[in-house]
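Colleague: What follows is structure.txt, made up of compact mmCIF, C-alpha atoms:
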# COMPACT_ATOMS: atom_id res chain seq x y z
CA MET O 730 1.70 -119.44 -29.57
CA HIS O 731 2.37 -119.05 -25.81
CA ILE O 732 1.46 -115.85 -23.93
CA ASP O 733 1.71 -115.27 -20.16
CA LEU O 734 -1.67 -113.88 -19.19
CA PRO O 735 -1.61 -111.88 -15.90
CA HIS O 736 -4.08 -112.63 -13.16
CA ALA O 737 -7.45 -110.98 -13.79
CA THR O 738 -7.96 -110.10 -10.10
CA PHE O 739 -4.54 -109.15 -8.79
CA GLU O 740 -3.22 -107.56 -11.99
CA ARG O 741 -6.34 -106.26 -13.65
CA ALA O 742 -4.69 -103.50 -15.68
CA GLU O 743 -1.96 -105.79 -17.04
CA HIS O 744 -4.55 -108.48 -17.77
CA ASP O 745 -6.70 -106.10 -19.83
CA ALA O 746 -3.68 -104.84 -21.76
CA VAL O 747 -2.55 -108.36 -22.70
CA VAL O 748 -6.10 -109.32 -23.67
CA ALA O 749 -6.36 -106.30 -25.96
CA ALA O 750 -3.03 -107.12 -27.60
CA LEU O 751 -4.02 -110.76 -28.01
CA ARG O 752 -7.32 -109.77 -29.58
CA ALA O 753 -5.56 -107.61 -32.16
CA LYS O 754 -3.10 -110.42 -32.89
CA LEU O 755 -5.79 -113.04 -33.43
CA LEU O 756 -7.88 -110.75 -35.61
CA THR O 757 -4.94 -110.16 -37.92
CA LEU O 758 -4.35 -113.90 -38.14
CA GLY O 759 -7.97 -114.43 -39.09
CA ALA O 760 -7.83 -111.70 -41.69
CA GLY O 761 -4.80 -113.40 -43.27
CA GLY O 762 -6.72 -116.58 -43.90
CA MET O 763 -4.87 -118.63 -41.29
CA SER O 764 -8.04 -119.19 -39.31
CA LYS O 765 -11.64 -118.23 -39.15
CA GLN O 766 -11.99 -114.59 -38.10
CA ILE O 767 -13.30 -114.20 -34.56
CA SER O 768 -16.03 -111.70 -33.88
CA PRO O 769 -14.76 -108.84 -31.65
CA ALA O 770 -17.94 -109.00 -29.60
CA ALA O 771 -17.39 -112.67 -28.83
CA PHE O 772 -13.64 -112.43 -28.28
CA GLU O 773 -13.79 -111.45 -24.61
CA GLU O 774 -16.17 -114.33 -23.95
CA HIS O 775 -13.71 -116.78 -25.51
CA VAL O 776 -10.83 -115.32 -23.51
CA ALA O 777 -12.83 -115.47 -20.27
CA SER O 778 -13.70 -119.10 -20.92
CA ALA O 779 -10.08 -119.94 -21.62
CA TRP O 780 -8.95 -118.10 -18.50
CA ASP O 781 -11.55 -119.83 -16.34
CA ALA O 782 -10.40 -123.17 -17.62
CA THR O 783 -6.77 -122.32 -16.96
CA GLY O 784 -7.56 -120.90 -13.53
CA SER O 785 -9.48 -124.01 -12.59
CA ALA O 786 -6.53 -126.14 -13.57
CA VAL O 787 -4.19 -124.31 -11.17
CA GLY O 788 -6.75 -123.68 -8.45
CA GLY O 789 -7.41 -120.04 -9.48
CA THR O 790 -4.86 -118.75 -6.94
CA PRO O 791 -1.44 -117.27 -7.76
CA VAL O 792 1.60 -119.08 -6.49
CA GLU O 793 2.91 -118.21 -3.04
CA GLY O 794 6.10 -116.59 -4.32
CA TRP O 795 4.14 -114.26 -6.59
CA LEU O 796 1.98 -113.04 -3.71
CA ARG O 797 4.91 -112.77 -1.31
CA GLU O 798 6.96 -110.56 -3.60
CA ARG O 799 4.07 -108.20 -4.20
CA TYR O 800 3.49 -108.00 -0.47
CA TRP O 801 7.15 -107.12 0.04
CA ALA O 802 6.92 -104.43 -2.62
CA ALA O 803 3.77 -102.89 -1.12
CA ARG O 804 5.15 -103.00 2.42
CA SER O 805 8.50 -101.53 1.38
CA TYR O 806 6.72 -98.74 -0.48
CA ASP O 807 4.60 -97.83 2.54
CA LEU O 808 7.51 -97.95 4.99
CA ALA O 809 9.80 -95.87 2.77
CA TYR O 810 7.11 -93.27 2.11
CA ALA O 811 6.21 -93.04 5.81
CA ASP O 812 9.88 -92.61 6.73
CA ALA O 813 10.22 -89.66 4.36
CA GLN O 814 6.97 -88.11 5.57
CA VAL O 815 8.39 -87.81 9.09
CA HIS O 816 10.84 -85.22 7.78
CA LEU O 817 8.50 -83.66 5.24
CA ARG O 818 5.73 -82.98 7.76
CA LYS O 819 8.16 -81.28 10.13
CA TRP O 820 9.58 -79.15 7.33
CA GLY O 821 6.08 -78.36 6.10
CA ALA O 822 5.18 -76.89 9.49
CA GLN O 823 8.26 -74.65 9.37
CA VAL O 824 7.48 -73.44 5.87
CA ALA O 825 3.83 -72.84 6.79
CA GLY O 826 5.10 -70.51 9.52
CA ASN O 827 7.03 -68.45 6.92
CA SER O 828 10.36 -69.89 8.02
CA PHE O 829 13.12 -71.47 5.98
CA VAL O 830 14.34 -75.02 6.54
CA PRO O 831 18.08 -74.75 7.28
CA ASN O 832 20.18 -76.47 4.60
CA PHE O 833 17.00 -77.73 2.93
CA GLY O 834 18.64 -78.94 -0.29
CA ALA O 835 21.12 -81.31 1.32
CA ARG O 836 18.65 -82.58 3.91
CA ALA O 837 15.92 -83.21 1.34
CA SER O 838 18.34 -85.07 -0.94
CA ALA O 839 19.46 -87.23 1.97
CA ALA O 840 15.85 -88.01 2.92
CA LEU O 841 14.97 -88.99 -0.67
CA ASN O 842 18.01 -91.24 -1.01
CA ALA O 843 17.37 -92.85 2.37
CA SER O 844 13.75 -93.65 1.48
CA LEU O 845 14.69 -95.17 -1.88
CA ALA O 846 17.44 -97.18 -0.21
CA MET O 847 14.93 -98.44 2.36
CA PHE O 848 12.67 -99.60 -0.47
CA ASP O 849 15.56 -101.37 -2.20
CA VAL O 850 16.49 -103.20 1.00
CA GLY O 851 12.90 -104.29 1.52
CA VAL O 852 12.65 -105.92 -1.93
CA ALA O 853 16.20 -107.26 -2.11
CA ASP O 854 15.01 -110.89 -1.87
CA CYS O 855 12.56 -110.63 -4.79
CA SER O 856 13.22 -112.71 -7.89
CA VAL O 857 14.40 -111.42 -11.25
CA SER O 858 10.96 -112.03 -12.75
CA SER O 859 9.57 -109.22 -10.56
CA GLU O 860 12.07 -106.65 -11.81
CA ALA O 861 9.56 -104.77 -13.96
CA MET O 862 7.02 -104.60 -11.15
CA LEU O 863 9.64 -103.42 -8.64
CA SER O 864 10.96 -100.80 -11.03
CA GLN O 865 7.45 -99.45 -11.48
CA ARG O 866 6.84 -99.30 -7.72
CA ARG O 867 10.19 -97.61 -7.09
CA SER O 868 9.55 -95.04 -9.81
CA ARG O 869 6.13 -94.32 -8.33
CA LEU O 870 7.67 -93.84 -4.87
CA GLN O 871 10.35 -91.53 -6.22
CA LYS O 872 7.84 -89.37 -8.09
CA ALA O 873 5.57 -89.10 -5.05
CA LEU O 874 8.42 -88.00 -2.78
CA GLN O 875 9.83 -85.60 -5.35
CA ALA O 876 6.41 -83.99 -5.72
CA ASP O 877 6.26 -83.36 -1.96
CA VAL O 878 9.80 -81.97 -1.87
CA GLN O 879 9.11 -79.81 -4.92
CA GLU O 880 6.13 -78.26 -3.17
CA LEU O 881 8.26 -77.33 -0.16
CA PHE O 882 10.98 -75.92 -2.41
CA SER O 883 8.50 -73.80 -4.38
CA LYS O 884 7.04 -72.30 -1.21
CA GLN O 885 10.48 -71.47 0.18
CA HIS O 886 11.61 -70.04 -3.16
CA ARG O 887 8.60 -67.74 -3.20
CA LEU O 888 9.23 -66.74 0.43
CA LEU O 889 12.89 -66.04 -0.36
CA THR O 890 11.93 -63.88 -3.34
CA LEU O 891 9.44 -61.82 -1.33
CA THR O 892 11.80 -61.45 1.64
CA THR O 893 14.70 -60.29 -0.50
CA LEU O 894 12.54 -57.86 -2.47
CA ASN O 895 11.08 -56.36 0.71
CA HIS O 896 14.55 -55.90 2.19
CA PHE O 897 15.73 -54.28 -1.05
CA LYS O 898 12.76 -51.89 -1.03
CA ALA O 899 13.41 -50.96 2.60
CA GLN O 900 17.04 -50.11 1.81
CA LEU O 901 15.98 -48.14 -1.26
CA LEU O 902 13.47 -46.21 0.83
CA LYS O 903 16.22 -45.20 3.26
CA VAL O 904 18.30 -43.83 0.41
CA VAL O 905 15.37 -41.88 -1.02
CA SER O 906 14.40 -40.51 2.40
CA ARG O 907 17.95 -39.35 3.00
CA SER O 908 19.04 -37.95 -0.35
CA GLY O 909 15.98 -37.74 -2.59
CA VAL O 910 16.31 -39.38 -6.00
CA PRO O 911 18.87 -42.21 -5.66
CA GLN O 912 21.88 -42.14 -7.92
CA GLN O 913 22.59 -45.02 -10.29
CA TRP O 914 25.61 -46.17 -8.29
CA GLN O 915 23.42 -46.38 -5.20
CA GLN O 916 20.85 -48.50 -7.02
CA ASP O 917 23.58 -50.76 -8.42
CA SER O 918 25.08 -51.26 -4.97
CA LEU O 919 21.73 -52.20 -3.44
CA ARG O 920 20.97 -54.48 -6.38
CA ARG O 921 24.27 -56.37 -6.04
CA SER O 922 23.65 -56.82 -2.34
CA ALA O 923 20.14 -58.20 -2.97
CA GLU O 924 21.35 -60.59 -5.68
CA LYS O 925 24.12 -61.92 -3.45
CA GLN O 926 21.68 -62.41 -0.59
CA PHE O 927 19.24 -64.26 -2.87
CA ASP O 928 21.89 -66.48 -4.43
CA ALA O 929 23.40 -67.44 -1.08
CA ALA O 930 20.02 -68.51 0.30
CA LEU O 931 19.03 -70.21 -2.96
CA SER O 932 22.11 -72.43 -2.96
CA ALA O 933 20.96 -73.94 0.34
CA LEU O 934 17.45 -74.61 -1.01
CA LEU O 935 18.22 -76.34 -4.30
CA VAL O 936 17.65 -80.11 -4.53
CA PRO O 937 19.61 -81.38 -7.57
CA SER O 938 17.57 -84.56 -7.98
CA LEU O 939 14.36 -82.59 -8.59
CA GLY O 940 15.52 -81.21 -11.92
CA GLY O 941 13.66 -78.12 -13.05
CA PRO O 942 15.24 -74.65 -13.41
CA THR O 943 18.93 -74.38 -12.62
CA ARG O 944 20.50 -72.04 -10.10
CA GLN O 945 21.58 -69.68 -12.87
CA GLN O 946 18.10 -69.60 -14.39
CA LEU O 947 16.49 -68.82 -11.04
CA ASN O 948 19.01 -66.04 -10.40
CA THR O 949 18.36 -64.59 -13.84
CA ALA O 950 14.62 -64.63 -13.24
CA PHE O 951 15.10 -62.91 -9.88
CA GLY O 952 17.27 -60.25 -11.51
CA GLN O 953 14.54 -59.48 -14.02
CA GLN O 954 11.97 -59.29 -11.25
CA LEU O 955 14.26 -56.99 -9.29
CA THR O 956 14.55 -54.64 -12.26
CA GLU O 957 10.78 -54.47 -12.71
CA GLN O 958 10.12 -53.93 -9.01
CA THR O 959 12.75 -51.18 -8.76
CA SER O 960 11.22 -49.23 -11.61
CA LYS O 961 7.68 -49.55 -10.25
CA TYR O 962 8.73 -48.75 -6.70
CA LEU O 963 10.63 -45.59 -7.59
CA GLU O 964 7.70 -44.34 -9.64
CA SER O 965 5.11 -45.06 -6.96
CA PRO O 966 3.43 -42.04 -5.25
CA PRO O 967 4.81 -42.82 -1.75
CA MET O 968 8.38 -42.88 -3.05
CA GLN O 969 7.86 -39.69 -5.03
CA LEU O 970 6.59 -38.01 -1.87
CA GLN O 971 9.60 -39.22 0.10
CA ALA O 972 11.93 -37.82 -2.56
CA MET O 973 10.17 -34.44 -2.49
CA ASN O 974 10.40 -34.24 1.29
CA ALA O 975 14.10 -35.10 1.19
CA MET O 976 14.79 -32.41 -1.40
CA ARG O 977 12.79 -29.89 0.63
CA ARG O 978 14.85 -30.63 3.73
CA ARG O 979 18.09 -30.25 1.82
CA THR O 980 17.21 -26.96 0.15
CA GLY O 981 15.04 -25.33 2.83
CA LYS O 982 16.27 -22.80 5.40
CA ALA O 983 17.20 -23.98 8.83
CA GLN O 984 14.37 -23.47 11.25
CA LYS O 985 14.82 -21.00 14.08
CA PRO O 986 14.93 -22.70 17.48
CA PRO O 987 11.91 -22.05 19.70
CA ARG O 988 12.05 -19.34 22.34
CA GLY O 989 13.16 -20.34 25.80
CA MET O 990 16.16 -21.26 27.89
CA ARG O 991 17.94 -24.58 27.93
CA VAL O 992 20.31 -25.62 30.69
CA GLY O 993 23.13 -28.14 30.67
CA LEU O 994 25.79 -29.36 33.07
CA GLY O 995 29.48 -29.55 32.33
CA VAL O 996 32.09 -31.36 34.42
CA VAL O 997 35.87 -31.04 34.08
CA GLY O 998 38.14 -33.36 36.04
CA ALA O 999 41.84 -34.07 36.36
CA ALA O 1000 43.90 -36.87 37.85
CA ARG O 1001 47.52 -36.01 38.81
CA SER O 1002 49.32 -39.30 39.40
CA LYS O 1003 52.86 -39.98 40.63
CA ILE O 1004 53.36 -43.18 38.65
CA GLY O 1005 56.33 -43.41 36.30
CA GLY O 1006 58.32 -40.81 38.25
CA GLY O 1007 55.55 -38.21 38.43
CA GLN O 1008 57.35 -35.78 36.12
CA GLY O 1009 54.62 -35.31 33.53
CA ASN O 1010 55.97 -37.53 30.77
CA LEU O 1011 52.55 -39.22 30.31
CA GLN O 1012 49.37 -37.27 29.59
CA THR O 1013 45.99 -38.09 28.03
CA PHE O 1014 42.61 -36.46 27.66
CA ALA O 1015 39.05 -37.72 27.08
CA GLY O 1016 35.80 -35.85 26.57
CA TYR O 1017 32.12 -36.35 25.81
CA THR O 1018 29.53 -33.78 24.69
CA SER O 1019 25.80 -34.15 24.18
CA GLY O 1020 23.99 -30.90 23.55
CA LEU O 1021 24.65 -28.60 26.50
CA ASN O 1022 25.90 -31.45 28.67
CA SER O 1023 29.58 -32.30 28.65
CA ALA O 1024 32.23 -34.19 30.58
CA HIS O 1025 35.99 -33.85 30.14
CA PHE O 1026 38.73 -35.61 32.05
CA MET O 1027 42.52 -35.29 31.99
CA PHE O 1028 45.13 -37.70 33.30
CA ALA O 1029 48.81 -36.79 33.82
CA ASN O 1030 51.63 -38.36 35.84
CA ASP O 1031 52.92 -34.99 37.14
CA GLY O 1032 52.10 -35.52 40.80
CA PHE O 1033 55.63 -34.55 41.92
CA ILE O 1034 55.63 -31.22 40.06
CA PRO O 1035 54.56 -28.39 42.41
CA ASP O 1036 51.79 -26.05 41.34
CA SER O 1037 51.85 -22.23 41.53
CA SER O 1038 51.56 -22.32 45.31
CA GLY O 1039 54.66 -24.48 45.63
CA SER O 1040 52.83 -27.55 46.90
CA GLU O 1041 52.13 -30.82 45.16
CA PRO O 1042 48.79 -30.88 43.32
CA PRO O 1043 45.92 -32.99 44.70
CA PRO O 1044 45.55 -36.44 43.07
CA LEU O 1045 41.97 -35.71 41.90
CA ARG O 1046 40.28 -32.44 41.04
CA PHE O 1047 36.78 -31.77 39.63
CA GLN O 1048 35.22 -28.52 38.45
CA PRO O 1049 31.49 -28.38 37.58
CA LYS O 1050 29.97 -25.67 35.43
CA MET O 1051 26.54 -24.71 34.13
CA ASN O 1052 25.79 -24.13 30.43
CA PHE O 1053 22.89 -21.92 29.31
CA ASP O 1054 21.32 -21.51 25.86
CA ILE O 1055 18.79 -18.68 25.70
CA SER O 1056 16.65 -18.03 22.60
CA ILE O 1057 14.52 -14.88 22.45
Would you put the structure from the file into structure tokens?

Modeller:
Amino acid sequence: MHIDLPHATFERAEHDAVVAALRAKLLTLGAGGMSKQISPAAFEEHVASAWDATGSAVGGTPVEGWLRERYWAARSYDLAYADAQVHLRKWGAQVAGNSFVPNFGARASAALNASLAMFDVGVADCSVSSEAMLSQRRSRLQKALQADVQELFSKQHRLLTLTTLNHFKAQLLKVVSRSGVPQQWQQDSLRRSAEKQFDAALSALLVPSLGGPTRQQLNTAFGQQLTEQTSKYLESPPMQLQAMNAMRRRTGKAQKPPRGMRVGLGVVGAARSKIGGGQGNLQTFAGYTSGLNSAHFMFANDGFIPDSSGSEPPPLRFQPKMNFDISI
């Protein structure tokens, strides 16, 4: 029976696993009468002696190719992981500052693929016999990077949820402050707007290679959370107070203005142009009013039409006036 026993120093875990399997195999052979049963306590001593003898025969040192390929694998792992961390650290600083990483999903996927491709290039010259070891190292690298990306996604997903809910509550507060108890159509409109806002931002955050909940599942969970928050928010004491104040303003009598006198200035102007023949076939008017202050201006191309005195009107004319509002 021939078994490849891994090196006890460089591949300790694999060595122990093969030794345990070999022990079980030999014990079953002894139990079947094929040989004298070996004591479990003495088995490791026999294996160690056999390994020492074998190691002495080959100098106790792995072959150069074996060491070289494991060096390539370790170096490629470190370089690929460090390359991804350049992006992840920068994104982590943005997320820590309560900011979103623009187009995070696509950029994270590209960074993951680039790091794995870098690892593959670094171990491209390894032999077929190292395939299992390389697959294990690559899987370990992928899981480590995905864990870091997943952490950034989770933080941004939570930030997106809180941001959207706070915006929804602010809009709902405006409706309550203006009209009292919001109607169902108003709530539905605000809800649709919040769900669209959440879904649009979520689509830019998702990293397909991470797995986990789908876009639809996350949207469904947000919808349920939105329903719960709406019910709690409308029933909260501050919102009830806002609704009462709004109803009081709508049903209460208009307050009497305070006693006193207010003054405003009004200006009326006219431009009498002679363009286009000056016969009055073009006229326009503009005005502005703010409280007791006002400004009105007229333009007409009737500059050739005489006024009541028989002379042509002046091209520009202004007339100021004072406005008074007296409350007693």

Colleague: So that I can see what lies close to range 864-881 of chain O, please list as a PyMOL selection string the residues with an atom at most 7 Å from it, counting only C-alpha atoms and leaving out residues fewer than 4 positions away in the same chain.

Modeller: chain O and resi 806+821+841+860+885+939

Colleague: Excluding range 916-930 of chain O and its own-chain neighbours fewer than 5 positions away, which residues fall within 9 Å of it when counting only C-alpha atoms? Please give them as a ChimeraX atom specification.

Modeller: /O:889-890,893-894,896-897,900-901,911,944,947-948,951-952,955-956,959

Colleague: Choose the residue, out of O:Ala813, O:Ala746, O:Ala837, O:Leu1045, that has the smallest atom-to-atom separation from Leu935 in chain O; count all atoms listed in the file.

Modeller: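 For Leu935 in chain O, the nearest of the given residues is O:Ala837.
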
Colleague: Between CA of Pro1044 in chain O and CA of Gly1032 in chain O, measure the distance and give it in Å to one decimal.

Modeller: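 Computed distance, CA of Pro1044 in chain O to CA of Gly1032 in chain O, equals 7.0 Å.
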
Colleague: Using all atoms listed in the file, which residue out of O:Gly1006, O:Gly1020, O:Gly826, O:Pro1043 lies closest to Val992 in chain O?

Modeller: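 Nearest to Val992 in chain O: O:Gly1020.
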
Colleague: What does the structure give for the distance between CA of Ala1000 in chain O and CA of Phe1028 in chain O, in Å to one decimal?

Modeller: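 Calculated distance between CA of Ala1000 in chain O and CA of Phe1028 in chain O is 4.8 Å.
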
Colleague: Using CA of Trp801 in chain O and CA of Glu743 in chain O as the two end points, give the distance in Å to one decimal.

Modeller: 19.4 Å

Colleague: When you count all atoms listed in the file, which of these residues is closest to Arg887 in chain O: O:Gln969, O:Ser838, O:Asn827, O:Gln1008?

Modeller: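 Among the listed residues, the smallest separation from Arg887 in chain O belongs to O:Asn827.
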
Colleague: Need to verify the contact set: His1025 in chain O, 12 Å, all atoms listed in the file, exclusion of same-chain residues closer than 6 positions in sequence. Can you return it as a list in words?

Modeller: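 Here the answer would be Leu994, Gly995, Val996, Val997, Gly998, Ala999, Ala1000, Thr1013, Phe1014, Ala1015, Gly1016, Tyr1017, Thr1018, Ser1019, Arg1046, Phe1047, Gln1048, Pro1049 and Lys1050 of chain O.
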
Colleague: Considering all atoms listed in the file, return as a ChimeraX atom specification whatever protein or nucleic-acid residues lie within 12 Å of Phe829 in chain O, sequence-local ones (same chain, fewer than 2 positions apart) excluded.

Modeller: /O:819-827,831-834,881-889,892,930-931,933-934

Colleague: Output range 845-855 of chain O with all heavy atoms present, as a PDB file, in the coordinates of the input.

Modeller:
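Resulting contents of part.pdb:
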ATOM      1  N   LEU O 845      14.516 -94.250  -0.749  1.00  0.00           N
ATOM      2  CA  LEU O 845      14.690 -95.170  -1.880  1.00  0.00           C
ATOM      3  C   LEU O 845      15.566 -96.356  -1.484  1.00  0.00           C
ATOM      4  O   LEU O 845      15.323 -97.494  -1.911  1.00  0.00           O
ATOM      5  CB  LEU O 845      15.287 -94.421  -3.065  1.00  0.00           C
ATOM      6  CG  LEU O 845      14.385 -93.352  -3.697  1.00  0.00           C
ATOM      7  CD1 LEU O 845      15.124 -92.613  -4.801  1.00  0.00           C
ATOM      8  CD2 LEU O 845      13.104 -93.970  -4.246  1.00  0.00           C
ATOM      9  N   ALA O 846      16.590 -96.082  -0.679  1.00  0.00           N
ATOM     10  CA  ALA O 846      17.440 -97.180  -0.210  1.00  0.00           C
ATOM     11  C   ALA O 846      16.663 -98.132   0.689  1.00  0.00           C
ATOM     12  O   ALA O 846      16.856 -99.353   0.639  1.00  0.00           O
ATOM     13  CB  ALA O 846      18.652 -96.612   0.532  1.00  0.00           C
ATOM     14  N   MET O 847      15.763 -97.590   1.502  1.00  0.00           N
ATOM     15  CA  MET O 847      14.930 -98.440   2.360  1.00  0.00           C
ATOM     16  C   MET O 847      14.030 -99.335   1.505  1.00  0.00           C
ATOM     17  O   MET O 847      13.836-100.518   1.821  1.00  0.00           O
ATOM     18  CB  MET O 847      14.085 -97.562   3.286  1.00  0.00           C
ATOM     19  CG  MET O 847      13.168 -98.344   4.210  1.00  0.00           C
ATOM     20  SD  MET O 847      12.183 -97.266   5.283  1.00  0.00           S
ATOM     21  CE  MET O 847      13.476 -96.574   6.310  1.00  0.00           C
ATOM     22  N   PHE O 848      13.489 -98.786   0.428  1.00  0.00           N
ATOM     23  CA  PHE O 848      12.670 -99.600  -0.470  1.00  0.00           C
ATOM     24  C   PHE O 848      13.502-100.712  -1.107  1.00  0.00           C
ATOM     25  O   PHE O 848      13.063-101.868  -1.188  1.00  0.00           O
ATOM     26  CB  PHE O 848      12.049 -98.718  -1.552  1.00  0.00           C
ATOM     27  CG  PHE O 848      11.250 -99.473  -2.577  1.00  0.00           C
ATOM     28  CD1 PHE O 848       9.928 -99.806  -2.341  1.00  0.00           C
ATOM     29  CD2 PHE O 848      11.826 -99.861  -3.778  1.00  0.00           C
ATOM     30  CE1 PHE O 848       9.192-100.513  -3.282  1.00  0.00           C
ATOM     31  CE2 PHE O 848      11.100-100.567  -4.724  1.00  0.00           C
ATOM     32  CZ  PHE O 848       9.779-100.892  -4.474  1.00  0.00           C
ATOM     33  N   ASP O 849      14.705-100.372  -1.553  1.00  0.00           N
ATOM     34  CA  ASP O 849      15.560-101.370  -2.200  1.00  0.00           C
ATOM     35  C   ASP O 849      15.912-102.507  -1.238  1.00  0.00           C
ATOM     36  O   ASP O 849      15.954-103.675  -1.636  1.00  0.00           O
ATOM     37  CB  ASP O 849      16.840-100.702  -2.708  1.00  0.00           C
ATOM     38  CG  ASP O 849      16.563 -99.722  -3.840  1.00  0.00           C
ATOM     39  OD1 ASP O 849      15.516 -99.863  -4.501  1.00  0.00           O
ATOM     40  OD2 ASP O 849      17.384 -98.808  -4.055  1.00  0.00           O
ATOM     41  N   VAL O 850      16.169-102.167   0.016  1.00  0.00           N
ATOM     42  CA  VAL O 850      16.490-103.200   1.000  1.00  0.00           C
ATOM     43  C   VAL O 850      15.284-104.103   1.238  1.00  0.00           C
ATOM     44  O   VAL O 850      15.411-105.324   1.372  1.00  0.00           O
ATOM     45  CB  VAL O 850      16.960-102.555   2.317  1.00  0.00           C
ATOM     46  CG1 VAL O 850      17.086-103.595   3.418  1.00  0.00           C
ATOM     47  CG2 VAL O 850      18.287-101.847   2.113  1.00  0.00           C
ATOM     48  N   GLY O 851      14.099-103.513   1.257  1.00  0.00           N
ATOM     49  CA  GLY O 851      12.900-104.290   1.520  1.00  0.00           C
ATOM     50  C   GLY O 851      12.554-105.289   0.431  1.00  0.00           C
ATOM     51  O   GLY O 851      11.881-106.290   0.693  1.00  0.00           O
ATOM     52  N   VAL O 852      12.984-105.023  -0.809  1.00  0.00           N
ATOM     53  CA  VAL O 852      12.650-105.920  -1.930  1.00  0.00           C
ATOM     54  C   VAL O 852      13.897-106.631  -2.452  1.00  0.00           C
ATOM     55  O   VAL O 852      13.890-107.153  -3.570  1.00  0.00           O
ATOM     56  CB  VAL O 852      11.983-105.121  -3.067  1.00  0.00           C
ATOM     57  CG1 VAL O 852      10.682-104.502  -2.598  1.00  0.00           C
ATOM     58  CG2 VAL O 852      12.919-104.028  -3.597  1.00  0.00           C
ATOM     59  N   ALA O 853      14.948-106.663  -1.648  1.00  0.00           N
ATOM     60  CA  ALA O 853      16.200-107.260  -2.110  1.00  0.00           C
ATOM     61  C   ALA O 853      16.073-108.753  -2.385  1.00  0.00           C
ATOM     62  O   ALA O 853      16.810-109.305  -3.212  1.00  0.00           O
ATOM     63  CB  ALA O 853      17.299-107.006  -1.074  1.00  0.00           C
ATOM     64  N   ASP O 854      15.145-109.437  -1.713  1.00  0.00           N
ATOM     65  CA  ASP O 854      15.010-110.890  -1.870  1.00  0.00           C
ATOM     66  C   ASP O 854      14.028-111.280  -2.976  1.00  0.00           C
ATOM     67  O   ASP O 854      13.751-112.472  -3.150  1.00  0.00           O
ATOM     68  CB  ASP O 854      14.544-111.510  -0.555  1.00  0.00           C
ATOM     69  CG  ASP O 854      15.598-111.378   0.537  1.00  0.00           C
ATOM     70  OD1 ASP O 854      16.790-111.301   0.184  1.00  0.00           O
ATOM     71  OD2 ASP O 854      15.229-111.332   1.725  1.00  0.00           O
ATOM     72  N   CYS O 855      13.491-110.309  -3.709  1.00  0.00           N
ATOM     73  CA  CYS O 855      12.560-110.630  -4.790  1.00  0.00           C
ATOM     74  C   CYS O 855      13.308-111.235  -5.976  1.00  0.00           C
ATOM     75  O   CYS O 855      14.493-110.966  -6.191  1.00  0.00           O
ATOM     76  CB  CYS O 855      11.797-109.385  -5.230  1.00  0.00           C
ATOM     77  SG  CYS O 855      10.651-108.758  -3.977  1.00  0.00           S
TER      78      CYS O 855
END
